[in-house]
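Peer 1: There's a structure below that I have some questions on.
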Amino acid sequence: MDYKSVEQKWKDFWEKNGINRFDSESDAKKYYVLEMFSYPSGSNLHLGHWYNYGPADSFARFKRMQGYNVFQPMGFDSFGLPAENYAIKTGVHPEDSTNKNIATMEKQLRSIGGMFDWSAFMYTSSPEYYKWTQWLFLQLYKHGLAYQKQSPVNWCTSCNTVIANEQVVDGKCERCGADVVRKNMTQWFFKITEYAEELLECLDKLDWPEKTLTMQRNWIGKSEGGEVVFPIGEDKITVFTTRADTLMGVSYVVLAPEHPLVDKITTPDCKKAVEEYKLAASKASDIDRLSTAKEKTGVFTGAYCTHPISGENIPVWIADYCLATYGTGAVMGVPAHDTRDFEFAKKFGHKITRVIKAASGEDELPYVEHGILVGSGSFDGLTTAEGKKAILGFLAERGLGGIKINYRLRDWSVSRQRYWGAPIPIIHCDHCGAVPVPEKDLPVRLPYDVNFTPDGQSPLRKCDSFIDTVCPICGAPAHRDPDTLDTFVCSSWYYLRYPDSKNGDQPFDPALINKMLPVDKYVGGAEHACMHLLYSRFITKALRDMGYLKFDEPFTSLVHQGLILGTDGEKMSKSKGNTVNPDEFIQAYGSDVLRMYLMFGFSYAEGGPWNDDGIKSISKFLDRVERIVDTAIASRGKSTDASSRRELEYAVNYCIKRVTEDMEHFSFNTAVARIMELVNTMYKCESCDLLFDACEKLIRVMAPIAPHFAEEMHERMGFAPSIFNEQFPICDESKLVKDEVEIAIQVNSKMRAKMVVSTSLDDEGIKSAVLGDSKITELLSGAAVKKVIVIKGRLVNIIV
RNA sequence: GCCGCUGUGGCGAAAUCGGCAGACGCAAAGGACUUAAAAUCCUUCGGAGGAAACUCCGUACCGGUUCAAGUCCGGUCAGCGGCACCA
């Protein structure tokens, strides 16, 4: 078969006849299948794109054939650093290179033969899109969920921009691998922490991979503990602790060097040392500062606070092992029951007081497990759990603390000092402060002529025609915010735009979106677990609370595809030279073959090393199907043999049943295996008079997996296109009932024989049939039967 | 250090609720067809022993539960991923 012309023929047919489009008139149940959109990079589609989009498209087609009104859109996440870095290197403007890449990639995506509804196409760097990204920013601002603050931020020394906590990996930039340092800057933040509890709770009702749920849970990092107040003169130091039961073992209190109380309480004689320590701490990069291997450091402030229960004087230190950004920025030091405090106390000579004993009596300090309170006055004898409750209760009554929940999650920093992104729609006025751009003035257009060579400043700051403006409130000269939004802001709401992507008046029509969303099946890489997938959930909840949306979660069901590795088992990369170009395989075999091989050769969620050999076998398999179809057509209507009807009917219906289940679970490799089994049976039953009928069902079962091929075969068999207007075959369970079944015979749990028994027999019947069989009695050679276990349709175990 | 996932033939992988381990395919070997090759078709294909019927062993390792364990439980090792001075 000439794959190239056949595939083109059907691509054109689908496009012309609207087979790929969502039918807004239909009253069939909607099904929104979404694959994570991609960044339009310069090179061709790589195998990773194919592996994501090909099998997921087969799933979408399967759903369509099951009668759903499927919506499967495609677009691009086209703002971002690569285009800008490329521009810096080559001088090609990001807008030009991006538009060119989008055109190329769109063409290539069409070559997959996906059922993408191109009428919904959009990309995030177009003003028609980022207008609404800016609108989203303004809504968050209006509702107090976007705010500006000066704070230590992660600064990538190579990208010359701030990046989010989620984008710092091992103290390095997730994108370029350069060192990340802390810088104090005024930045915009989204208040994702306001939703910490709901983001955590709702995870339970999502059909997501367990791994991803766990990662989000850990990332949110809920920690249930308490706050304890240590008065210090007029002021008070509040610490967060999960071990309030160890309160009587406190021998010092530590503040983070950045803690606001530090300057106030430091005594004159300690001033010099404290200032020096603060300076050193601010210079250290996160990687140095957060290294667990590093020896503890710290200095005394000269001040003492008061223990809330004993009234004892407790020395106050500063140390960088106490983080300003978590809890209250202050911790109580309990050396006997915390390994860090123990280390610190040893070094600086703090006393180490045991207040917990292991229930078993056997322990040694530092003892960090739960146990029984000792040396804690009236609290002695309580367990850790009881002690926490009693001590926090005691403190709460006196206004010195109480139960407190903390989250590890921080607010999302969204300002980027880069050019290629959506401008932040804020105007800074000397009189009125930060003023949101009126919605009628959106979009704030990204100017074309800008010098974006990175020098640590936002490129837009140097563009006067952009920066200089007037205050929308008082009319005085003012300047625009020079930063752009993190591209994760663009991608945090794109799934809401697709169903209404051409709407010029609103980001989306809420009535429509509430019908089309949530996404029923979301498919994409696992690397977005704590970024895109978390941000999108937050934005959905925020828009819901503003009244735009009526659902709580954007993605009901999520699947991660695995990673296709190079033939050497390593991650594909140009530098390693192990990349595999899908184009040569499409040239040689066609896109159906590549797609089907990707579905058959790997466990979808696992992925694995690429292997050239397997792909040929799929090509041979399609040839094999074509031959049996031709045989079926040729023999149709002629009197053929009726003998193997039962076998063929069974094989067809078994295949339908299993493929239906497998497709539903993204178990594509077994689905293809079941289809191969059916074809093997068809070759055995070549002369059966049901062959044509069986072939017709086979082709429909195959259609989602090899769409062009199936469409061609369907037409060749004399049916009117498109096969995607046909129903996916439904299993006739009655054809799966067999008269006889082969079961295994075990003696003392060891496999000894096989035997064919009638399926009409009950357990007793099977038992007597087996024990009555001469071969079995011979096997038992007169041994006394103690017990017989019968598993219907599977095996009989005889215990002697 | 903590959390999670994974570990099955020469290879990619299957195995519903604990019930015949290795489906389906690749590679390999032998055979048929062919002048020959390709394509196609048939056979073998976890290991050891045996002429064969068949027997024993086998799902990273050690132990347990069970009539029965790749599957459940406890421990160990290895690989991958995530978090990590989070109080």
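Chain lettering (A, B, ...) mirrors the order of the structure tokens, residue numbering begins at 1 for each chain separately, and ligand numbering begins at 1 in order of display.
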Can you list, as a ChimeraX atom specification, every protein, DNA or RNA residue that comes within 12 Å of Asn451 of chain A when you count only C-alpha atoms (C1' of nucleotides), leaving out same-chain residues fewer than 3 positions away?
Peer 2: /A:84,87-88,91,93-94,418-420,447-448,454-455,457-464
Peer 1: Specify as a list in words all residues of chain B found within 8 Å of chain A, counting only C-alpha atoms (C1' of nucleotides).
Peer 2: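 The selection requested is G4, C5, G12, A13, A14, G19, C20, C24, G25, C26, C67, A68, G82, C83, C85, C86 and A87 of chain B.
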Peer 1: Please identify which residues in segment 415-560 of chain A DSSP calls strand (DSSP E or B) from the backbone, and express them as a list in words.
Peer 2: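 Strand (DSSP E or B) assignments inside segment 415-560 of chain A correspond to Ser415, Arg416, Pro423, Ile426, Ile427, His428, Cys429, Gly433, Ala434, Val435, Pro436, Asp468, Thr469, Val470, Pro477, Ala478, His479, Arg480, Thr484, Leu485, Val519, Lys521, Tyr522, Val523, Phe555, Ser557, Leu558 and Val559 of chain A.
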Peer 1: Need the shell around U6 of chain B: protein/DNA/RNA residues with any atom at most 12 Å away, counting only C-alpha atoms (C1' of nucleotides). Skip same-chain ones fewer than 5 positions apart. Format as a compact mmCIF listing (two decimals) with all heavy atoms, in the first residue's frame?
Peer 2:
```txt
# COMPACT_ATOMS: atom_id res chain seq x y z
N GLU A 606 5.43 3.98 31.20
CA GLU A 606 6.83 3.70 31.52
C GLU A 606 7.79 4.28 30.48
O GLU A 606 8.82 4.85 30.83
CB GLU A 606 7.09 2.19 31.57
CG GLU A 606 6.24 1.45 32.60
CD GLU A 606 6.80 1.59 34.00
OE1 GLU A 606 8.02 1.46 34.16
OE2 GLU A 606 6.00 1.85 34.91
P A B 60 11.99 -10.87 40.91
OP1 A B 60 11.17 -11.08 42.13
OP2 A B 60 11.95 -9.60 40.16
O5' A B 60 13.50 -11.19 41.29
C5' A B 60 14.52 -11.15 40.30
C4' A B 60 15.84 -10.86 40.96
O4' A B 60 15.94 -9.43 41.23
C3' A B 60 16.02 -11.53 42.32
O3' A B 60 16.51 -12.85 42.17
C2' A B 60 17.03 -10.60 42.99
O2' A B 60 18.34 -10.83 42.52
C1' A B 60 16.56 -9.23 42.49
N9 A B 60 15.59 -8.60 43.38
C8 A B 60 14.28 -8.29 43.09
N7 A B 60 13.64 -7.73 44.09
C5 A B 60 14.59 -7.67 45.10
C6 A B 60 14.54 -7.19 46.41
N6 A B 60 13.45 -6.64 46.95
N1 A B 60 15.66 -7.26 47.16
C2 A B 60 16.75 -7.81 46.62
N3 A B 60 16.93 -8.30 45.39
C4 A B 60 15.80 -8.20 44.67
P A B 78 22.79 -1.21 47.62
OP1 A B 78 24.20 -0.75 47.57
OP2 A B 78 21.81 -0.45 48.42
O5' A B 78 22.25 -1.34 46.13
C5' A B 78 23.03 -1.97 45.13
C4' A B 78 22.23 -2.11 43.86
O4' A B 78 21.04 -2.91 44.13
C3' A B 78 21.68 -0.81 43.29
O3' A B 78 22.65 -0.10 42.55
C2' A B 78 20.53 -1.33 42.43
O2' A B 78 20.99 -1.87 41.22
C1' A B 78 19.97 -2.44 43.31
N9 A B 78 18.87 -1.98 44.18
C8 A B 78 18.91 -1.67 45.52
N7 A B 78 17.76 -1.29 46.01
C5 A B 78 16.90 -1.34 44.91
C6 A B 78 15.53 -1.04 44.76
N6 A B 78 14.75 -0.63 45.76
N1 A B 78 14.98 -1.19 43.54
C2 A B 78 15.77 -1.61 42.53
N3 A B 78 17.07 -1.91 42.54
C4 A B 78 17.58 -1.75 43.78
P G B 79 22.52 1.52 42.48
OP1 G B 79 23.78 2.00 41.87
OP2 G B 79 22.10 2.05 43.80
O5' G B 79 21.34 1.74 41.46
C5' G B 79 21.50 1.41 40.07
C4' G B 79 20.19 1.54 39.35
O4' G B 79 19.21 0.66 39.98
C3' G B 79 19.53 2.91 39.43
O3' G B 79 20.09 3.82 38.51
C2' G B 79 18.08 2.56 39.11
O2' G B 79 17.87 2.32 37.75
C1' G B 79 17.92 1.26 39.89
N9 G B 79 17.40 1.48 41.24
C8 G B 79 18.09 1.46 42.43
N7 G B 79 17.33 1.70 43.47
C5 G B 79 16.06 1.89 42.93
C6 G B 79 14.82 2.18 43.57
O6 G B 79 14.58 2.32 44.77
N1 G B 79 13.79 2.30 42.65
C2 G B 79 13.93 2.17 41.29
N2 G B 79 12.82 2.32 40.56
N3 G B 79 15.07 1.88 40.68
C4 G B 79 16.09 1.76 41.56
P C B 80 20.11 5.38 38.86
OP1 C B 80 20.94 6.04 37.83
OP2 C B 80 20.43 5.55 40.29
O5' C B 80 18.59 5.81 38.64
C5' C B 80 18.01 5.79 37.34
C4' C B 80 16.52 5.99 37.44
O4' C B 80 15.95 4.98 38.31
C3' C B 80 16.08 7.29 38.09
O3' C B 80 16.17 8.40 37.21
C2' C B 80 14.64 6.95 38.47
O2' C B 80 13.77 6.95 37.36
C1' C B 80 14.81 5.53 38.98
N1 C B 80 15.03 5.48 40.45
C2 C B 80 13.90 5.59 41.29
O2 C B 80 12.78 5.73 40.78
N3 C B 80 14.07 5.55 42.64
C4 C B 80 15.30 5.40 43.15
N4 C B 80 15.41 5.37 44.48
C5 C B 80 16.45 5.29 42.32
C6 C B 80 16.28 5.34 40.99
P G B 81 16.54 9.83 37.84
OP1 G B 81 16.77 10.72 36.69
OP2 G B 81 17.56 9.69 38.89
O5' G B 81 15.17 10.24 38.55
C5' G B 81 14.02 10.50 37.75
C4' G B 81 12.82 10.66 38.63
O4' G B 81 12.63 9.45 39.41
C3' G B 81 12.90 11.73 39.70
O3' G B 81 12.73 13.03 39.19
C2' G B 81 11.77 11.30 40.63
O2' G B 81 10.51 11.57 40.07
C1' G B 81 12.00 9.78 40.64
N9 G B 81 12.87 9.39 41.76
C8 G B 81 14.18 9.02 41.72
N7 G B 81 14.66 8.73 42.90
C5 G B 81 13.59 8.93 43.77
C6 G B 81 13.50 8.77 45.19
O6 G B 81 14.38 8.41 45.98
N1 G B 81 12.23 9.08 45.66
C2 G B 81 11.18 9.48 44.88
N2 G B 81 10.04 9.75 45.50
N3 G B 81 11.25 9.63 43.56
C4 G B 81 12.49 9.33 43.09
```
Peer 1: Considering only C-alpha atoms (C1' of nucleotides), can you say which of B:G58, B:G50, B:G70, B:G75 comes closest to G18 of chain B?
Peer 2: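 Between B:G58, B:G50, B:G70, B:G75, the residue approaching G18 of chain B most closely is B:G70.
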Peer 1: Within 10 Å of Ser644 of chain A, counting only C-alpha atoms (C1' of nucleotides), which residues qualify if same-chain residues fewer than 6 places away don't, as number ranges by chain?
Peer 2: A: 682, 684-691
Peer 1: Go ahead and write the selection's residues with N, CA, C and O atoms as a compact mmCIF listing (two decimals), in the first residue's frame.
Peer 2:
```
# COMPACT_ATOMS: atom_id res chain seq x y z
N MET A 682 -7.79 -15.33 12.68
CA MET A 682 -8.44 -15.17 11.38
C MET A 682 -7.70 -15.93 10.30
O MET A 682 -8.31 -16.51 9.40
N LYS A 684 -6.12 -18.64 10.77
CA LYS A 684 -6.45 -20.06 10.97
C LYS A 684 -7.83 -20.38 10.41
O LYS A 684 -8.11 -21.49 10.00
N CYS A 685 -8.74 -19.40 10.49
CA CYS A 685 -10.13 -19.61 10.09
C CYS A 685 -10.41 -18.94 8.74
O CYS A 685 -11.51 -18.44 8.50
N GLU A 686 -9.41 -18.90 7.88
CA GLU A 686 -9.49 -18.15 6.63
C GLU A 686 -10.71 -18.50 5.79
O GLU A 686 -11.23 -17.65 5.08
N SER A 687 -11.11 -19.75 5.86
CA SER A 687 -12.18 -20.17 4.96
C SER A 687 -13.56 -20.11 5.60
O SER A 687 -14.55 -20.51 5.01
N CYS A 688 -13.61 -19.60 6.81
CA CYS A 688 -14.90 -19.54 7.51
C CYS A 688 -15.80 -18.51 6.85
O CYS A 688 -15.35 -17.45 6.42
N ASP A 689 -17.09 -18.77 6.81
CA ASP A 689 -18.00 -17.86 6.13
C ASP A 689 -18.21 -16.55 6.91
O ASP A 689 -18.84 -15.63 6.43
N LEU A 690 -17.69 -16.50 8.14
CA LEU A 690 -17.83 -15.27 8.92
C LEU A 690 -16.65 -14.33 8.74
O LEU A 690 -16.56 -13.29 9.37
N LEU A 691 -15.72 -14.70 7.86
CA LEU A 691 -14.48 -13.94 7.77
C LEU A 691 -14.71 -12.46 7.45
O LEU A 691 -14.11 -11.58 8.07
```
Peer 1: Using backbone DSSP assignments, extract all helix (DSSP H, G or I) residues from segment 598-638 of chain A; output them as a ChimeraX atom specification.
Peer 2: /A:598-600,612-635
Peer 1: Between A:Asp179, A:Glu234, A:Asp486, A:Glu201, which is the closest to Leu81 of chain A once you count only C-alpha atoms?
Peer 2: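 Between A:Asp179, A:Glu234, A:Asp486, A:Glu201, the residue approaching Leu81 of chain A most closely is A:Asp486.
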